[in-house]
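See structure below.
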Amino acid sequence: MLAFKAASQALARTCRATSFWNSSRAAPQTLSSSSVVGLASFSRTGTNARKHGLMATERASVSFPRNSAGLPCTFGYRSVTNYYSTTAKIPSHEQQYQEQKRRNEDAGVLTELVRDFLEPSAFYKAVKEIGIDFYTGVPDSLLKDFCAFVTDHVPSSHHIIAPNEGAAVAVAAGYHLASSKAPLVYMQNSGLGNAVNPLVSLCAPEVYSIPMLLLIGWRGEPGKRDEPQHLVQGQVTPGLLAALGIPFQPLPDYFEGAQQALYTAKKHMERTLTPYALLVKRQTFAPYKMQKLTVLDEVEHSRMQREDAIETVINTVSDRDIIVGTTGMLSRELFELRKMREEGHERDFLTVGCMGHATSIALGIAIRKPTRRIFALDGDGALIMHMGSMATIAQTSPPNLTHIVLNNGAHDSVGGQPSAASKDTFSIPELAIAAGYRSAQVATNAEEIMQAIKNVQLPGEKGPNMIEIKIRRGSRKNLGRPTRTPVQNKMDFMHFVAINGSG
Ligand SMILES: Cc1ncc(C[n+]2csc(CCOP(=O)(O)OP(=O)(O)O)c2C)c(N)n1
């Protein structure tokens, strides 16, 4: 144990020392654009882009230059370096919007300098005008203003926040079968993977031929700064849609353009009875603040903030315990807490992408490291996204796995739209027990969190265990992002997991 502690401290020191990654030290990856896979090469500028991406209404196949590792050639250390080397404080969307409005006034006759924003209310009206009255999807930060408007203005009978993007496509298909209308499905491009199966095996013209309008937030859009987990997805999004045979165009950020795009989508859906996609770039929509209150809003002011709850957890678990953090603000807060406490980051695996899979990652670690305790820190939206994992965790019964859900009843990280857990009839502990977890506890304050963790650490305690921590929405305004790359995180983490010696 002492040896473990010494090794762990040495590793923590190394991690601290390298905590701010110096871009000049990173070995640039040699990229080769000569190996082109697929049917046609793709250029992001010029006629090819217009032909393939932007107004294509035919089935098209495109592909990307790839490096020797098979990754799109612009993804590598260079792009990651660019992202991480930025320390400038980014103003909020609202601040940028106000600033741009001032600049628009200054533009005078140079109208080409005017930057447009699409009003969520105007876009909503235009969507209605093409006959769409049903919305379903999973929230995304780029769509947050439009999603907030929809949450406020569309009755719950016509707006379903789905557990995952595949389910959203299926709900939309069901709505079409019962109404003959084309619904709208919104999602982040990260969710396209979840949606591929129902898109190709349910909605494709060769199967049931079901029209729907896909509104897709384009994270990782080439040429825009974004986090590592969005870079590949951003690059492949147009090609993926083309490979699926789904025509698409970027949603114009001015009203007449958006109206025209919707008209094109309508005509396509009427003519072919198949999906059409609009790619939504960063800051397309003007800000809109959600008004609607959920059941939780009435009690939530008395609850802990997520960051305080995470701090209590890391204060209570032991030095050798392993933490897996879920996608979104939680992993960012965990990273910042370690930094503020001048600890290393090696104990934490940050699931920056692949929302909903943190608990499955934790399961894989738990079965290989039976002498270590694994704490999976989950969100309610992420839990619901791949709730089936709970059944597998219960069935596998790892005694060393504790699943902690920080439940704020919302997709807080991307705009605060309610999740199914916002209903007081939804019980996470009962769900866990019904699935076969060995224990389930609820904590609402620091003392209860500490006690709940101590309870699962008792000798002979069986697992898996569930701890639901009821928290409120919101985070610090100045919350940063991890300053270490995912690969650095992985290396430190694997070292930390390995130095245990046994298991
Ligand atoms: C497959 C996929 N769909 C959507 C997203 C966008 N997204 C990132 S975090 C998040 C919300 C997570 O909600 P929850 O798990 O409840 O955690 P909270 O943000 O409330 O802490 C969403 C929808 C994503 N990253 N991946």
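As shown in the structure tokens, the chain order sets the letters A, B, ...; within each chain, residues go from 1, and ligands are also counted from 1 in the order they appear.
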Handout entry: Per-residue DSSP, region 179-383 of chain A, filtered to alpha helix (DSSP H), as a PyMOL selection string
Key = chain A and resi 179+192-198+228-243+255-272+297-300+306-316+329-340+358-368+380-383
Can I get the residues of chain A within 6 Å of ligand 1, each with the closest pair of atoms and their distance in Å to one decimal, using only C-alpha atoms and all ligand atoms, sorted chain first then ascending number, as a Markdown table?
| residue | atom | partner | partner_atom_place_in_ligand_line | distance |
| --- | --- | --- | --- | --- |
| A:Val138 | CA | ligand 1 | 23 (C) | 5.8 |
| A:Pro139 | CA | ligand 1 | 23 (C) | 4.9 |
| A:Asp140 | CA | ligand 1 | 6 (C) | 4.9 |
| A:Gln188 | CA | ligand 1 | 4 (C) | 5.3 |
| A:Ser190 | CA | ligand 1 | 1 (C) | 4.8 |
| A:Gly191 | CA | ligand 1 | 1 (C) | 3.8 |
| A:Thr327 | CA | ligand 1 | 9 (S) | 5.3 |
| A:Gly328 | CA | ligand 1 | 9 (S) | 4.0 |
| A:Met329 | CA | ligand 1 | 21 (O) | 5.7 |
| A:Leu330 | CA | ligand 1 | 21 (O) | 5.6 |
| A:Gly353 | CA | ligand 1 | 25 (N) | 5.6 |
| A:Cys354 | CA | ligand 1 | 26 (N) | 5.7 |
| A:Met355 | CA | ligand 1 | 26 (N) | 4.6 |
| A:Gly379 | CA | ligand 1 | 15 (O) | 3.3 |
| A:Asp380 | CA | ligand 1 | 16 (O) | 4.0 |
| A:Gly381 | CA | ligand 1 | 16 (O) | 3.4 |
| A:Ala382 | CA | ligand 1 | 15 (O) | 3.7 |
| A:Asn408 | CA | ligand 1 | 20 (O) | 5.8 |
| A:Ala410 | CA | ligand 1 | 20 (O) | 4.8 |
| A:His411 | CA | ligand 1 | 13 (O) | 3.6 |
| A:Asp412 | CA | ligand 1 | 20 (O) | 3.6 |
| A:Ser413 | CA | ligand 1 | 19 (O) | 3.5 |
| A:Val414 | CA | ligand 1 | 10 (C) | 5.4 |
Problem - Residue neighbourhood Gln283 (chain A), 8 Å, only C-alpha atoms, exclusion window fewer than 5 positions, as an MDAnalysis selection string - result: chainID A and resid 93 117 142
Please, could you write that set of residues out with N, CA and C atoms as a compact mmCIF listing (two decimals), in the first residue's frame?
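Result file follows (selection-v1.txt):
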# COMPACT_ATOMS: atom_id res chain seq x y z
N HIS A 93 -21.85 33.58 -25.92
CA HIS A 93 -22.58 33.78 -27.18
C HIS A 93 -23.35 35.10 -27.13
N PHE A 117 -27.61 36.47 -37.88
CA PHE A 117 -28.02 35.42 -36.94
C PHE A 117 -29.47 35.09 -37.23
N LEU A 142 -24.86 23.68 -30.09
CA LEU A 142 -25.01 24.58 -31.24
C LEU A 142 -26.50 24.83 -31.55
Closest atom pairs, region 246-333 of chain A residues within 12 Å of region 217-241 of chain A, only C-alpha atoms, as a Markdown table:
| residue | atom | partner | partner_atom | distance |
| --- | --- | --- | --- | --- |
| A:Ile246 | CA | A:Leu241 | CA | 5.2 |
| A:Pro247 | CA | A:Leu241 | CA | 6.9 |
| A:Phe248 | CA | A:Leu241 | CA | 7.4 |
| A:Gln249 | CA | A:Pro238 | CA | 8.9 |
| A:Pro250 | CA | A:Trp218 | CA | 8.9 |
| A:Leu251 | CA | A:Gly217 | CA | 9.9 |
| A:Pro275 | CA | A:Leu241 | CA | 10.3 |
| A:Tyr276 | CA | A:Leu241 | CA | 9.4 |
| A:Ala277 | CA | A:Leu241 | CA | 8.1 |
| A:Leu278 | CA | A:Gly217 | CA | 8.6 |
| A:Leu279 | CA | A:Trp218 | CA | 5.9 |
| A:Val280 | CA | A:Gly217 | CA | 4.7 |
| A:Lys281 | CA | A:Trp218 | CA | 5.3 |
| A:Arg282 | CA | A:Trp218 | CA | 7.1 |
| A:Gln283 | CA | A:Gly217 | CA | 10.1 |
| A:Thr284 | CA | A:Gly217 | CA | 9.8 |
| A:Phe285 | CA | A:Gly217 | CA | 11.1 |
| A:Thr327 | CA | A:Gln229 | CA | 10.3 |
| A:Gly328 | CA | A:Gln229 | CA | 11.3 |
| A:Arg332 | CA | A:Glu227 | CA | 11.7 |
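Atom pair CA of Phe146 (chain A) / CA of Phe255 (chain A) has a distance of 13.9 Å (rounded to one decimal).
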Practice task
Can you list, as a PyMOL selection string, all residues belonging to region 230-320 of chain A that DSSP tags as strand (DSSP E)?
Solution key: chain A and resi 248-250+276-280
